[in-house]
Every structure is written in C-alpha cells, then in structure tokens.
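query15.tsv (TSV, C-alpha atoms and all ligand atoms) appears below.
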chain	number	residue	atom	x	y	z
G	1	MET	CA	80.87	15.04	211.91
G	2	THR	CA	83.77	17.23	210.81
G	3	ILE	CA	82.94	19.74	208.10
G	4	TYR	CA	85.78	20.78	205.83
G	5	ARG	CA	85.78	24.06	203.98
G	6	ALA	CA	88.00	24.85	200.99
G	7	VAL	CA	89.65	28.05	202.20
G	8	PRO	CA	91.69	30.37	199.92
G	9	VAL	CA	95.33	30.38	200.98
G	10	CYS	CA	97.14	32.27	198.23
G	11	CYS	CA	96.93	33.16	194.58
G	12	GLY	CA	99.16	34.23	191.71
G	13	HIS	CA	99.06	35.04	188.03
G	14	TYR	CA	101.10	35.33	184.89
G	15	LEU	CA	100.64	37.44	181.78
G	16	PRO	CA	102.78	36.97	178.67
G	17	GLU	CA	105.14	39.84	177.93
G	18	ARG	CA	103.65	40.97	174.61
G	19	VAL	CA	100.94	43.61	174.99
G	20	VAL	CA	98.65	44.25	172.02
G	21	GLU	CA	96.86	47.62	172.10
G	22	ASN	CA	93.50	48.08	170.35
G	23	ALA	CA	95.12	50.40	167.81
G	24	GLU	CA	97.16	47.47	166.42
G	25	PHE	CA	93.97	46.00	164.91
G	26	GLU	CA	93.25	49.22	163.01
G	27	ALA	CA	96.03	48.36	160.55
G	28	THR	CA	94.41	45.14	159.34
G	29	LEU	CA	90.70	45.36	160.21
G	30	ASP	CA	87.79	47.76	159.78
G	31	THR	CA	87.73	48.53	163.50
G	32	SER	CA	88.88	51.22	165.93
G	33	ASP	CA	90.12	51.69	169.46
G	34	GLU	CA	86.97	53.75	170.01
G	35	TRP	CA	84.62	50.89	168.95
G	36	ILE	CA	86.47	48.23	170.94
G	37	SER	CA	86.76	50.25	174.15
G	38	SER	CA	83.24	51.66	174.07
G	39	ARG	CA	81.53	48.33	173.21
G	40	THR	CA	83.64	46.06	175.45
G	41	GLY	CA	85.82	48.05	177.87
G	42	ILE	CA	88.91	46.35	176.42
G	43	LYS	CA	91.97	48.52	175.73
G	44	ARG	CA	94.73	45.94	175.48
G	45	ARG	CA	95.44	42.24	175.88
G	46	HIS	CA	98.51	40.01	176.19
G	47	TYR	CA	99.58	37.39	173.63
G	48	ALA	CA	101.85	34.44	174.33
G	49	ALA	CA	105.18	34.45	172.49
G	50	GLU	CA	105.86	31.96	169.74
G	51	GLY	CA	106.47	28.61	171.42
G	52	GLU	CA	105.00	29.77	174.73
G	53	LYS	CA	102.32	27.24	175.66
G	54	THR	CA	99.31	27.19	177.98
G	55	SER	CA	101.31	24.98	180.37
G	56	ASP	CA	104.08	27.61	180.52
G	57	LEU	CA	101.53	30.25	181.55
G	58	ALA	CA	99.89	27.88	184.04
G	59	ILE	CA	103.20	26.86	185.60
G	60	ALA	CA	104.26	30.50	186.01
G	61	ALA	CA	100.93	31.35	187.68
G	62	ALA	CA	101.13	28.28	189.95
G	63	LYS	CA	104.70	29.14	191.01
G	64	ALA	CA	103.67	32.74	191.67
G	65	ALA	CA	100.82	31.52	193.90
G	66	LEU	CA	103.15	29.20	195.83
G	67	ALA	CA	105.69	32.02	196.28
G	68	ASN	CA	102.98	34.42	197.49
G	69	GLY	CA	101.83	31.84	200.05
G	70	GLY	CA	105.34	30.79	201.12
G	71	MET	CA	104.39	27.26	200.08
G	72	ASP	CA	106.20	24.39	198.42
G	73	GLY	CA	104.71	22.41	195.54
G	74	SER	CA	105.02	19.22	197.59
G	75	GLU	CA	102.19	20.57	199.80
G	76	ILE	CA	99.72	20.37	196.88
G	77	ASP	CA	97.58	17.21	196.64
G	78	ALA	CA	95.77	17.96	193.38
G	79	VAL	CA	95.92	20.33	190.41
G	80	ILE	CA	92.69	21.18	188.60
G	81	LEU	CA	93.34	23.21	185.48
G	82	ALA	CA	90.55	24.84	183.50
G	83	THR	CA	91.43	25.45	179.86
G	84	ALA	CA	89.94	25.32	176.38
G	85	THR	CA	93.40	25.70	174.81
G	86	PRO	CA	95.45	22.74	176.11
G	87	ASP	CA	99.03	22.18	174.89
G	88	GLN	CA	98.04	18.86	173.38
G	89	THR	CA	94.89	16.77	172.90
G	90	PHE	CA	96.38	14.63	175.65
G	91	PRO	CA	97.94	14.36	178.21
G	92	SER	CA	96.22	17.00	180.27
G	93	THR	CA	97.99	20.33	180.66
G	94	ALA	CA	97.54	19.90	184.43
G	95	VAL	CA	100.05	17.03	184.64
G	96	ARG	CA	102.75	19.33	183.27
G	97	VAL	CA	102.02	21.71	186.15
G	98	GLN	CA	102.08	18.80	188.61
G	99	THR	CA	105.63	17.90	187.58
G	100	ALA	CA	106.88	21.48	187.22
G	101	ILE	CA	105.87	22.49	190.74
G	102	GLY	CA	107.48	19.38	192.25
G	103	MET	CA	104.46	17.48	193.51
G	104	LYS	CA	105.56	14.10	194.80
G	105	GLY	CA	102.20	12.36	194.40
G	106	GLY	CA	98.55	13.25	194.13
G	107	PHE	CA	96.80	13.85	190.84
G	108	ALA	CA	96.13	16.47	188.18
G	109	PHE	CA	93.48	16.87	185.51
G	110	ASP	CA	91.97	19.43	183.13
G	111	ILE	CA	88.44	20.79	183.10
G	112	GLN	CA	86.78	22.04	179.92
G	113	ALA	CA	83.93	24.46	180.48
G	114	VAL	CA	85.50	27.24	178.37
G	115	CYS	CA	84.99	30.68	179.97
G	116	ALA	CA	83.11	29.15	182.91
G	117	GLY	CA	85.96	26.67	183.49
G	118	PHE	CA	87.40	28.32	186.59
G	119	VAL	CA	84.03	28.35	188.38
G	120	PHE	CA	83.56	24.66	187.49
G	121	ALA	CA	87.11	23.89	188.69
G	122	VAL	CA	86.58	25.68	192.01
G	123	ALA	CA	83.38	23.67	192.55
G	124	GLN	CA	85.24	20.39	191.91
G	125	ALA	CA	88.07	21.39	194.25
G	126	ASP	CA	85.50	22.25	196.92
G	127	ALA	CA	83.80	18.85	196.50
G	128	LEU	CA	87.11	16.98	196.79
G	129	ILE	CA	88.08	18.92	199.92
G	130	ARG	CA	84.66	18.64	201.56
G	131	SER	CA	84.64	14.88	201.04
G	132	GLY	CA	88.01	14.61	202.76
G	133	GLN	CA	89.74	13.11	199.69
G	134	VAL	CA	92.37	15.83	199.50
G	135	ARG	CA	93.62	18.62	201.68
G	136	THR	CA	95.20	21.17	199.36
G	137	VAL	CA	94.22	21.92	195.75
G	138	MET	CA	95.83	24.22	193.19
G	139	VAL	CA	93.02	25.54	190.96
G	140	ILE	CA	94.22	27.16	187.73
G	141	GLY	CA	92.66	28.88	184.75
G	142	ALA	CA	95.08	29.19	181.82
G	143	GLU	CA	94.53	30.02	178.16
G	144	THR	CA	96.32	30.87	174.93
G	145	PHE	CA	93.22	32.00	173.02
G	146	SER	CA	95.41	33.91	170.54
G	147	ARG	CA	96.10	30.47	168.99
G	148	ILE	CA	92.44	29.87	168.08
G	149	LEU	CA	91.45	33.28	166.74
G	150	ASP	CA	90.48	34.15	163.17
G	151	PHE	CA	92.38	37.43	162.71
G	152	THR	CA	90.11	38.39	159.82
G	153	ASP	CA	86.97	38.28	162.03
G	154	ARG	CA	86.69	41.65	163.79
G	155	GLY	CA	83.71	40.36	165.80
G	156	THR	CA	85.89	37.92	167.76
G	157	CYS	CA	89.64	38.48	167.38
G	158	VAL	CA	89.71	41.84	169.16
G	159	LEU	CA	88.07	40.37	172.25
G	160	PHE	CA	90.38	37.66	173.52
G	161	GLY	CA	93.78	37.48	175.20
G	162	ASP	CA	96.17	35.04	176.89
G	163	GLY	CA	97.03	34.61	180.55
G	164	ALA	CA	96.82	32.41	183.63
G	165	GLY	CA	95.76	32.67	187.27
G	166	ALA	CA	96.04	30.22	190.15
G	167	LEU	CA	94.33	29.89	193.52
G	168	VAL	CA	95.33	27.49	196.31
G	169	LEU	CA	92.48	26.11	198.42
G	170	ARG	CA	93.14	24.22	201.64
G	171	ALA	CA	90.89	22.22	203.95
G	172	GLN	CA	89.97	23.95	207.18
G	173	GLU	CA	87.38	22.80	209.71
G	174	GLY	CA	84.19	24.81	209.64
G	175	THR	CA	80.74	24.82	211.21
G	176	GLY	CA	78.83	24.44	207.95
G	177	GLY	CA	77.31	27.91	208.40
G	178	SER	CA	77.64	30.97	206.19
G	179	GLU	CA	80.09	32.55	208.65
G	180	ASP	CA	82.73	29.95	207.71
G	181	ARG	CA	85.66	30.98	205.53
G	182	GLY	CA	86.06	29.18	202.21
G	183	ILE	CA	83.89	28.14	199.27
G	184	LEU	CA	80.38	28.45	200.72
G	185	ALA	CA	78.40	27.31	197.67
G	186	ALA	CA	78.50	26.94	193.91
G	187	ASN	CA	75.87	26.78	191.21
G	188	LEU	CA	76.79	25.13	187.88
G	189	ASN	CA	74.76	24.95	184.67
G	190	SER	CA	75.05	24.08	181.00
G	191	ASP	CA	72.67	23.90	178.06
G	192	GLY	CA	73.84	22.13	174.92
G	193	ARG	CA	71.03	23.60	172.81
G	194	TYR	CA	73.22	26.68	172.40
G	195	THR	CA	76.38	25.05	171.02
G	196	ASP	CA	76.09	27.03	167.77
G	197	ILE	CA	76.27	30.55	169.24
G	198	LEU	CA	79.79	30.17	170.63
G	199	TYR	CA	82.13	27.42	169.44
G	200	VAL	CA	85.42	26.51	167.81
G	201	ASP	CA	85.09	24.87	164.39
G	202	GLY	CA	87.66	22.14	164.93
G	203	GLY	CA	88.71	19.25	167.14
G	204	PRO	CA	90.47	15.89	167.04
G	205	SER	CA	87.41	13.76	166.26
G	206	SER	CA	85.80	16.12	163.74
G	207	THR	CA	88.23	18.07	161.56
G	208	GLY	CA	91.51	16.95	163.04
G	209	THR	CA	92.48	20.63	163.34
G	210	ALA	CA	92.35	23.03	166.28
G	211	GLY	CA	89.85	25.40	164.59
G	212	VAL	CA	89.00	29.02	165.37
G	213	VAL	CA	86.45	30.80	167.55
G	214	HIS	CA	83.00	31.70	166.19
G	215	MET	CA	80.53	33.74	168.21
G	216	ALA	CA	77.11	35.29	167.75
G	217	GLY	CA	78.08	38.05	170.15
G	218	ARG	CA	74.71	39.72	170.59
G	219	GLU	CA	73.02	36.37	171.35
G	220	VAL	CA	75.65	35.41	173.91
G	221	PHE	CA	75.35	38.85	175.49
G	222	LYS	CA	71.60	38.41	176.05
G	223	HIS	CA	72.06	35.00	177.66
G	224	ALA	CA	74.92	36.30	179.80
G	225	VAL	CA	72.97	39.07	181.50
G	226	VAL	CA	70.08	36.77	182.44
G	227	LYS	CA	71.96	33.58	183.28
G	228	LEU	CA	74.74	35.19	185.33
G	229	ALA	CA	72.18	36.87	187.57
G	230	GLN	CA	70.28	33.60	188.01
G	231	ALA	CA	73.43	31.63	188.84
G	232	GLY	CA	74.65	34.29	191.26
G	233	GLU	CA	71.33	34.36	193.08
G	234	ALA	CA	71.21	30.55	193.27
G	235	ALA	CA	74.75	30.37	194.66
G	236	LEU	CA	74.02	33.04	197.27
G	237	ASP	CA	70.81	31.25	198.24
G	238	ALA	CA	72.68	27.95	198.64
G	239	ALA	CA	75.26	29.75	200.80
G	240	GLY	CA	72.52	31.15	203.05
G	241	LEU	CA	73.39	34.72	202.05
G	242	ASP	CA	71.74	37.42	200.01
G	243	LYS	CA	72.77	40.20	197.63
G	244	GLY	CA	73.44	42.67	200.43
G	245	ASP	CA	76.08	40.36	201.92
G	246	VAL	CA	78.34	40.50	198.87
G	247	ASP	CA	81.50	42.56	199.46
G	248	TRP	CA	83.12	41.92	196.06
G	249	MET	CA	81.94	40.70	192.71
G	250	VAL	CA	84.71	39.08	190.65
G	251	PRO	CA	83.05	38.36	187.30
G	252	HIS	CA	84.32	36.72	184.14
G	253	GLN	CA	85.96	39.54	182.17
G	254	ALA	CA	84.24	39.37	178.77
G	255	ASN	CA	82.59	42.75	178.42
G	256	LEU	CA	82.37	45.72	180.80
G	257	ARG	CA	78.73	46.25	179.78
G	258	ILE	CA	77.81	42.71	180.92
G	259	MET	CA	79.59	43.30	184.24
G	260	THR	CA	77.86	46.65	184.75
G	261	GLN	CA	74.40	45.23	184.01
G	262	THR	CA	74.95	42.18	186.23
G	263	ALA	CA	76.29	44.30	189.10
G	264	ALA	CA	73.23	46.57	188.80
G	265	LYS	CA	70.94	43.52	189.14
G	266	PHE	CA	72.71	42.68	192.40
G	267	GLY	CA	72.74	46.30	193.58
G	268	ILE	CA	76.53	46.19	193.80
G	269	PRO	CA	78.34	49.49	193.08
G	270	MET	CA	81.08	49.27	190.43
G	271	GLU	CA	83.77	50.13	193.05
G	272	LYS	CA	83.00	46.69	194.49
G	273	VAL	CA	83.37	44.91	191.15
G	274	VAL	CA	86.86	43.77	190.20
G	275	VAL	CA	87.43	44.88	186.59
G	276	THR	CA	90.56	43.91	184.66
G	277	VAL	CA	89.06	43.55	181.18
G	278	GLN	CA	90.68	46.82	180.06
G	279	ASP	CA	94.16	45.31	180.43
G	280	HIS	CA	93.57	41.58	179.80
G	281	GLY	CA	90.66	41.33	177.34
G	282	ASN	CA	88.69	38.11	177.62
G	283	THR	CA	91.08	35.37	178.76
G	284	SER	CA	88.33	32.73	179.04
G	285	ALA	CA	88.97	30.37	182.00
G	286	ALA	CA	91.89	32.53	183.14
G	287	SER	CA	89.91	35.72	183.57
G	288	ILE	CA	88.52	35.20	187.08
G	289	PRO	CA	91.73	33.87	188.69
G	290	LEU	CA	93.66	36.70	186.99
G	291	ALA	CA	91.22	39.23	188.41
G	292	LEU	CA	91.30	37.56	191.84
G	293	SER	CA	95.09	37.57	191.92
G	294	CYS	CA	95.41	41.19	190.73
G	295	ALA	CA	92.89	42.41	193.31
G	296	ALA	CA	94.44	40.32	196.10
G	297	SER	CA	97.93	41.61	195.30
G	298	GLU	CA	96.57	45.17	195.62
G	299	GLY	CA	95.25	44.23	199.08
G	300	ARG	CA	91.64	44.84	198.10
G	301	PHE	CA	90.17	41.80	199.89
G	302	SER	CA	90.08	41.45	203.69
G	303	PRO	CA	89.72	38.12	205.48
G	304	GLY	CA	86.00	37.45	205.93
G	305	ASP	CA	84.91	39.36	202.81
G	306	VAL	CA	82.21	37.64	200.74
G	307	LEU	CA	83.21	37.26	197.07
G	308	LEU	CA	80.80	36.32	194.29
G	309	ILE	CA	82.48	34.87	191.20
G	310	GLU	CA	80.44	34.19	188.06
G	311	ALA	CA	81.07	33.27	184.43
G	312	ILE	CA	79.44	32.13	181.20
G	313	GLY	CA	80.90	30.74	178.00
G	314	GLY	CA	80.66	28.19	175.21
G	315	GLY	CA	78.26	25.33	175.80
G	316	LEU	CA	76.58	27.35	176.93
G	317	ALA	CA	78.11	26.65	180.32
G	318	TRP	CA	77.72	29.05	183.23
G	319	GLY	CA	77.91	29.23	186.98
G	320	ALA	CA	78.71	31.15	190.12
G	321	ALA	CA	80.38	30.50	193.45
G	322	VAL	CA	80.36	32.28	196.79
G	323	ILE	CA	83.68	32.46	198.62
G	324	ARG	CA	84.32	33.88	202.08
G	325	TRP	CA	87.90	35.12	201.72
G	401	LIG	O1	83.52	34.84	177.17
G	401	LIG	C1	82.47	34.14	176.58
G	401	LIG	C2	81.25	34.92	176.65
G	401	LIG	N1	81.30	35.96	175.67
G	401	LIG	C3	80.67	37.08	175.90
G	401	LIG	O2	80.12	37.27	176.95
G	401	LIG	C4	80.62	38.09	174.78
G	401	LIG	C5	79.22	38.65	174.67
G	401	LIG	N2	79.04	39.57	173.59
G	401	LIG	C6	79.62	40.78	173.55
G	401	LIG	O3	80.43	41.12	174.38
G	401	LIG	C7	79.20	41.74	172.47
G	401	LIG	O4	78.06	41.23	171.82
G	401	LIG	C8	80.30	42.01	171.41
G	401	LIG	C9	81.41	42.86	172.03
G	401	LIG	C10	80.88	40.71	170.90
G	401	LIG	C11	79.72	42.79	170.24
G	401	LIG	O5	79.11	44.00	170.70
G	401	LIG	P1	77.62	44.38	170.27
G	401	LIG	O6	77.36	45.70	170.80
G	401	LIG	O7	76.74	43.24	170.70
G	401	LIG	O8	77.77	44.46	168.71
G	401	LIG	P2	77.04	43.62	167.59
G	401	LIG	O9	77.61	42.24	167.51
G	401	LIG	O10	75.58	43.77	167.75
G	401	LIG	O11	77.53	44.42	166.32
G	401	LIG	C12	77.18	45.79	166.13
G	401	LIG	C13	77.94	46.30	164.93
G	401	LIG	C14	77.83	45.37	163.73
G	401	LIG	O12	77.74	46.15	162.58
G	401	LIG	P3	76.31	46.38	161.88
G	401	LIG	O13	75.80	45.03	161.56
G	401	LIG	O14	75.48	47.09	162.91
G	401	LIG	O15	76.68	47.22	160.70
G	401	LIG	C15	79.16	44.65	163.73
G	401	LIG	O16	79.54	44.22	162.46
G	401	LIG	O17	79.33	46.40	165.22
G	401	LIG	C16	80.08	45.73	164.22
G	401	LIG	N3	81.31	45.21	164.81
G	401	LIG	C17	82.43	45.94	164.85
G	401	LIG	N4	82.71	47.19	164.44
G	401	LIG	C18	83.98	47.64	164.64
G	401	LIG	C19	81.54	44.01	165.37
G	401	LIG	N5	82.81	43.93	165.79
G	401	LIG	C20	83.39	45.11	165.48
G	401	LIG	C21	84.67	45.64	165.64
G	401	LIG	N6	84.91	46.90	165.22
G	401	LIG	N7	85.67	44.94	166.24
structure tokens encoding of this file:
Amino acid sequence: MTIYRAVPVCCGHYLPERVVENAEFEATLDTSDEWISSRTGIKRRHYAAEGEKTSDLAIAAAKAALANGGMDGSEIDAVILATATPDQTFPSTAVRVQTAIGMKGGFAFDIQAVCAGFVFAVAQADALIRSGQVRTVMVIGAETFSRILDFTDRGTCVLFGDGAGALVLRAQEGTGGSEDRGILAANLNSDGRYTDILYVDGGPSSTGTAGVVHMAGREVFKHAVVKLAQAGEAALDAAGLDKGDVDWMVPHQANLRIMTQTAAKFGIPMEKVVVTVQDHGNTSAASIPLALSCAASEGRFSPGDVLLIEAIGGGLAWGAAVIRW
C-alpha cells in the first residue's frame, strides 16, 4: 500500500506595516518596556492598518509562499486557515484566500483552536494528504488580534500582535518510517474545563458582539509549561523519535519564559529554538507559521532536519507535531 507523507514545499509570511514598540503603551498604561520585555520577551508587535483584514494578511502570506516555491495557486487543492479573528462570522476567511490565489477548484475552510490553531490545521492537512483525498494543501495561520484587545487591560493588550504565515504541504510517497520527510506525527488535545482562564467575552450567539480577550495569565502559564512538554513527548513518541532527535523547536510565540522552560525539559539549547516573539508578540495561530517562514528564509533549516512545533491557547487547546523538513 502506498504511504503518502505531507512534505513541506515552501512557506511565506506577511506582517502589517505598523510596528508598535513597548514604549508606546507607557503613555496610556501603568506599564513599562522593562516589565514587558523582562516578563515576556516581547519588544514590539505589528498592527493591521484600519480596514486591513485577516484575509488580507492571509492572502499576502499565501502569495509569498507560492512565490517562494515558484508555484501557482492553481496547484493548491485545499486551503486550511487557522484563525480566531475571521473577517466575518461567515463565510470562512479561507474561501477568500482560495479565490485570491486563483484556485480553480478544491475547497477551503477555517479552523478555530485559537493559539493552537496552526498545529491543529497541520494535523488536518496531514490526514487529508495521507488518506489520498488531496495532493497539495496551503496551511495558514492568520490573525488580527489587535481588533479584540481591551487597551485598558495591561495584562493582555501588551502581549498580542497581528500577522500571517503560510506553509504548503504536498503529498510524497514515503515508507511510513521516521526517516521519511514530512509530517511524521501530531498530538492534539483540548480540555473545556478551562474555558474561563482564556476567552473572548463575545460572539454571535451570545452577545452579538466580537468581544475582547480576557486571560488569567499566571494560570495559563502553569498549564502551558506542563501540557506543551506532554504534547511534544507524545508527538515524538508517535513519530518513533525521541528528544535527542529534535534539530529545531518552533514553539508558539507567547512568552520567552515558556519557550525557555519547555526547551529545557527537552534538553534543547536555545540556539535550536526559533524565537520571534521579540518582534511579533503573540500572534496566536499565526505565530508558528511566521516563525517557520522567518527561520526558513534565513536558511536555518536543512532538508532532513526534525522540527518540533507546539502550541497552547484558549480552550484550553494544545498540541504538537513532528515534521521532517
Ligand atoms: O497564547 C495563548 C497562551 N498564552 C500564554 O501562554 C500566556 C501565558 N502567561 C504569560 O505569559 C504570563 O503569565 C504573563 C506575561 C501574561 C504575565 O506574567 P506573570 O509573570 O505571570 O505576571 P502576573 O500575571 O503574575 O502579574 C505579576 C504582576 C501583577 O501585579 P501584582 O498583582 O503583583 O501587583 C500584575 O498586575 O505584574 C502586573 N502586570 C503588569 N505590570 C506592568 C501585569 N501586566 C503588566 C504590565 N505591566 N503589562
């Protein structure tokens, strides 16, 4: 029986033009560049311009990925877009990407797993490719979190930013072993008992408004350090690999201290952890594909490298995936 692997072909990203430095918050909030950078690692983030939507960011990232791979949009069979900040309640933001990149058929849909959305989307793309239903998938994480922030809440508004990243995965025959290139395994989890520690207080069927982010940061932090390590270990186990096989960790960019503690649990030195939080802040579902695309464009990954991606966010929802680049 033929085994198909979802192999990375190319990636791209887009960041809105406006850069907001930590110091900007000092004018309106009881905060400081020193507090934000020492507690989170964040120095700046990008905000979408007025009228610039999540789909605009996603389309720019998708087109950048296609250009980097020398591909045409008509080669894409499916778009899976992870976002918690869609343009509209419906249709999906993904269908706007489908049209904008010139797909002639296929399908597109959104995934909502907040900050873990890209890991969930990669796992769905892998499943579709493995089952032979599609050959080439554009996986995107795109967010305009600046639209759902309470700018009077210093505990949340300084943390988040806007951006988009895209990764193209294509079917390639493999052996089924851990030496194959592609998505080797994923581990997905959620636990709805923790909805009240990270949520947005709005939605179409409750308030009829979009709402703003609320987070019990310290609580989420504690869950993150434990659950990310568990998910990473489970994904490596399912891939038939162990911690020592990981060449690069590409974590969700929420807080440098979470990344440092998780990397230490895996025995991975920080030079092997892709860190972009200082320039992007927490871009939710966009953070991993942004980090992947930045690192790839700097030529940091070599074919055959083992990448561990992992993320946690509202739900709680969390997961990890192992990719042989
Ligand atoms: O992407 C989804 C997943 N999200 C995460 O993974 C985020 C996880 N959590 C975190 O990254 C951290 O918990 C935060 C960065 C959100 C907060 O850092 P912390 O070290 O856990 O701080 P804390 O919430 O325990 O607050 C410590 C103090 C508090 O003051 P008191 O009560 O000790 O007087 C806060 O009011 O820091 C205060 N504080 C601030 N001070 C200056 C909170 N935000 C700020 C701020 N500037 N922006």
Any chance you could tabulate, as a tab-separated table, the residues of range 148-182 of chain G at most 6 Å from range 10-30 of chain G with each one's nearest atom pair and distance in Å to one decimal, using only C-alpha atoms, in chain and rising number order?
residue	atom	partner	partner_atom	distance
G:Gly163	CA	G:Leu15	CA	4.7
G:Ala164	CA	G:Tyr14	CA	5.3
G:Gly165	CA	G:His13	CA	4.1
G:Ala166	CA	G:Gly12	CA	5.3
G:Leu167	CA	G:Cys11	CA	4.3
G:Val168	CA	G:Cys10	CA	5.5
Top pick for closest residue to Trp318 in chain G, considering G:Ala6, G:Met249, G:Leu66, G:Ala229 and counting all atoms listed in the file:
G:Ala229
As a quick test: using all atoms listed in the file, which residues lie no more than 8 Å away from ligand LIG 401 (chain G)? Give them as a PyMOL selection string.
chain G and resi 29-32+35-36+39-40+114-115+153-159+198+215-222+224+252-255+257-258+282-284+311-314
Between CA of Gly102 in chain G and CA of Lys63 in chain G, what distance in Å does the model show, to one decimal?
10.2 Å
Min atom-atom distance to Glu143 in chain G from the set G:Ala116, G:Val79, G:Ala286, G:Ala94, counting all atoms listed in the file, belongs to G:Ala286
CA of Arg96 in chain G and CA of Gln112 in chain G are how many Å apart?
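Between these atoms lies a distance of 16.5 Å.
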Atom-to-atom span, CA of His223 in chain G and CA of Phe120 in chain G, Å
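Calculated distance between CA of His223 in chain G and CA of Phe120 in chain G is 18.3 Å.
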Neighbour list for Gly106 in chain G as a ChimeraX atom specification, cut-off 9 Å, only C-alpha atoms, skip fewer than 6 positions in-chain
/G:76-79,98,134
Residue nearest Ala296 in chain G - candidates G:Ala171, G:Met71, G:Ala113, G:Val250, atoms counted: all atoms listed in the file:
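Of G:Ala171, G:Met71, G:Ala113, G:Val250, the one nearest Ala296 in chain G is G:Val250, counting all atoms listed in the file.
Among G:Val9, G:Leu184, G:Val200, G:Val246, the residue with the shortest atom-to-atom distance to Asp126 in chain G, counting all atoms listed in the file, is G:Leu184.
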Using only C-alpha atoms, pick whichever of G:Leu316, G:Leu128, G:Cys294, G:Ile197 has the shortest atom-to-atom distance to Ile183 in chain G.
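The answer is G:Leu128, which sits nearest to Ile183 in chain G.
If you measure from each of G:Arg300, G:Ser92, G:Gly211, G:Asp279 to Tyr199 in chain G using all atoms listed in the file, the closest one turns out to be G:Gly211.
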Spatial neighbours of His280 in chain G, max dist 8 Å, all atoms listed in the file, sep filter under 4 positions, as a list in words
Ile42, Arg44, Arg45, His46, Gly161, Asp162, Gly163, Thr276 and Ser287 of chain G
Report as a list in words all protein, DNA and RNA residues lying within 12 Å of Ser178 in chain G, evaluated on all atoms listed in the file, omitting residues in the same chain fewer than 2 positions from it.
Arg5, Gly174, Thr175, Gly176, Asp180, Arg181, Gly182, Ile183, Leu184, Ala185, Ala235, Leu236, Asp237, Ala238, Ala239, Gly240, Leu241, Asp242, Asp245, Gly304, Asp305, Val306, Val322, Ile323, Arg324 and Trp325 of chain G
Please identify all polymer residues lying at most 12 Å from the point (70.0, 33.6, 190.7) (file coordinates), using only C-alpha atoms, and present the result as a VMD selection string.
chain G and resid 186 to 189 225 to 238 241 to 243 262 265 to 266 308 310 318 to 321
Have range 284-299 of chain G completed to N, CA and C atoms, please, and pass it along as a PDB file, in the coordinates of the input.
ATOM      1  N   SER G 284      89.093  33.973 178.845  1.00  0.00           N
ATOM      2  CA  SER G 284      88.330  32.730 179.040  1.00  0.00           C
ATOM      3  C   SER G 284      88.504  32.218 180.482  1.00  0.00           C
ATOM      4  N   ALA G 285      88.899  30.964 180.652  1.00  0.00           N
ATOM      5  CA  ALA G 285      88.970  30.370 182.000  1.00  0.00           C
ATOM      6  C   ALA G 285      89.972  31.084 182.907  1.00  0.00           C
ATOM      7  N   ALA G 286      90.878  31.855 182.317  1.00  0.00           N
ATOM      8  CA  ALA G 286      91.890  32.530 183.140  1.00  0.00           C
ATOM      9  C   ALA G 286      91.392  33.848 183.714  1.00  0.00           C
ATOM     10  N   SER G 287      90.252  34.336 183.234  1.00  0.00           N
ATOM     11  CA  SER G 287      89.910  35.720 183.570  1.00  0.00           C
ATOM     12  C   SER G 287      89.589  35.922 185.043  1.00  0.00           C
ATOM     13  N   ILE G 288      88.855  35.011 185.653  1.00  0.00           N
ATOM     14  CA  ILE G 288      88.520  35.200 187.080  1.00  0.00           C
ATOM     15  C   ILE G 288      89.760  35.033 187.973  1.00  0.00           C
ATOM     16  N   PRO G 289      90.553  33.957 187.803  1.00  0.00           N
ATOM     17  CA  PRO G 289      91.730  33.870 188.690  1.00  0.00           C
ATOM     18  C   PRO G 289      92.733  35.009 188.462  1.00  0.00           C
ATOM     19  N   LEU G 290      92.817  35.517 187.222  1.00  0.00           N
ATOM     20  CA  LEU G 290      93.660  36.700 186.990  1.00  0.00           C
ATOM     21  C   LEU G 290      93.128  37.892 187.773  1.00  0.00           C
ATOM     22  N   ALA G 291      91.817  38.101 187.699  1.00  0.00           N
ATOM     23  CA  ALA G 291      91.220  39.230 188.410  1.00  0.00           C
ATOM     24  C   ALA G 291      91.366  39.066 189.919  1.00  0.00           C
ATOM     25  N   LEU G 292      91.156  37.836 190.401  1.00  0.00           N
ATOM     26  CA  LEU G 292      91.300  37.560 191.840  1.00  0.00           C
ATOM     27  C   LEU G 292      92.726  37.884 192.299  1.00  0.00           C
ATOM     28  N   SER G 293      93.692  37.393 191.523  1.00  0.00           N
ATOM     29  CA  SER G 293      95.090  37.570 191.920  1.00  0.00           C
ATOM     30  C   SER G 293      95.509  39.042 191.862  1.00  0.00           C
ATOM     31  N   CYS G 294      95.061  39.749 190.822  1.00  0.00           N
ATOM     32  CA  CYS G 294      95.410  41.190 190.730  1.00  0.00           C
ATOM     33  C   CYS G 294      94.820  41.941 191.919  1.00  0.00           C
ATOM     34  N   ALA G 295      93.547  41.691 192.217  1.00  0.00           N
ATOM     35  CA  ALA G 295      92.890  42.410 193.310  1.00  0.00           C
ATOM     36  C   ALA G 295      93.514  42.044 194.655  1.00  0.00           C
ATOM     37  N   ALA G 296      93.838  40.761 194.840  1.00  0.00           N
ATOM     38  CA  ALA G 296      94.440  40.320 196.100  1.00  0.00           C
ATOM     39  C   ALA G 296      95.817  40.963 196.284  1.00  0.00           C
ATOM     40  N   SER G 297      96.583  41.047 195.175  1.00  0.00           N
ATOM     41  CA  SER G 297      97.930  41.610 195.300  1.00  0.00           C
ATOM     42  C   SER G 297      97.868  43.111 195.605  1.00  0.00           C
ATOM     43  N   GLU G 298      96.747  43.743 195.270  1.00  0.00           N
ATOM     44  CA  GLU G 298      96.570  45.170 195.620  1.00  0.00           C
ATOM     45  C   GLU G 298      95.987  45.322 197.023  1.00  0.00           C
ATOM     46  N   GLY G 299      95.768  44.202 197.709  1.00  0.00           N
ATOM     47  CA  GLY G 299      95.250  44.230 199.080  1.00  0.00           C
ATOM     48  C   GLY G 299      93.789  44.649 199.170  1.00  0.00           C
TER      49      GLY G 299
END
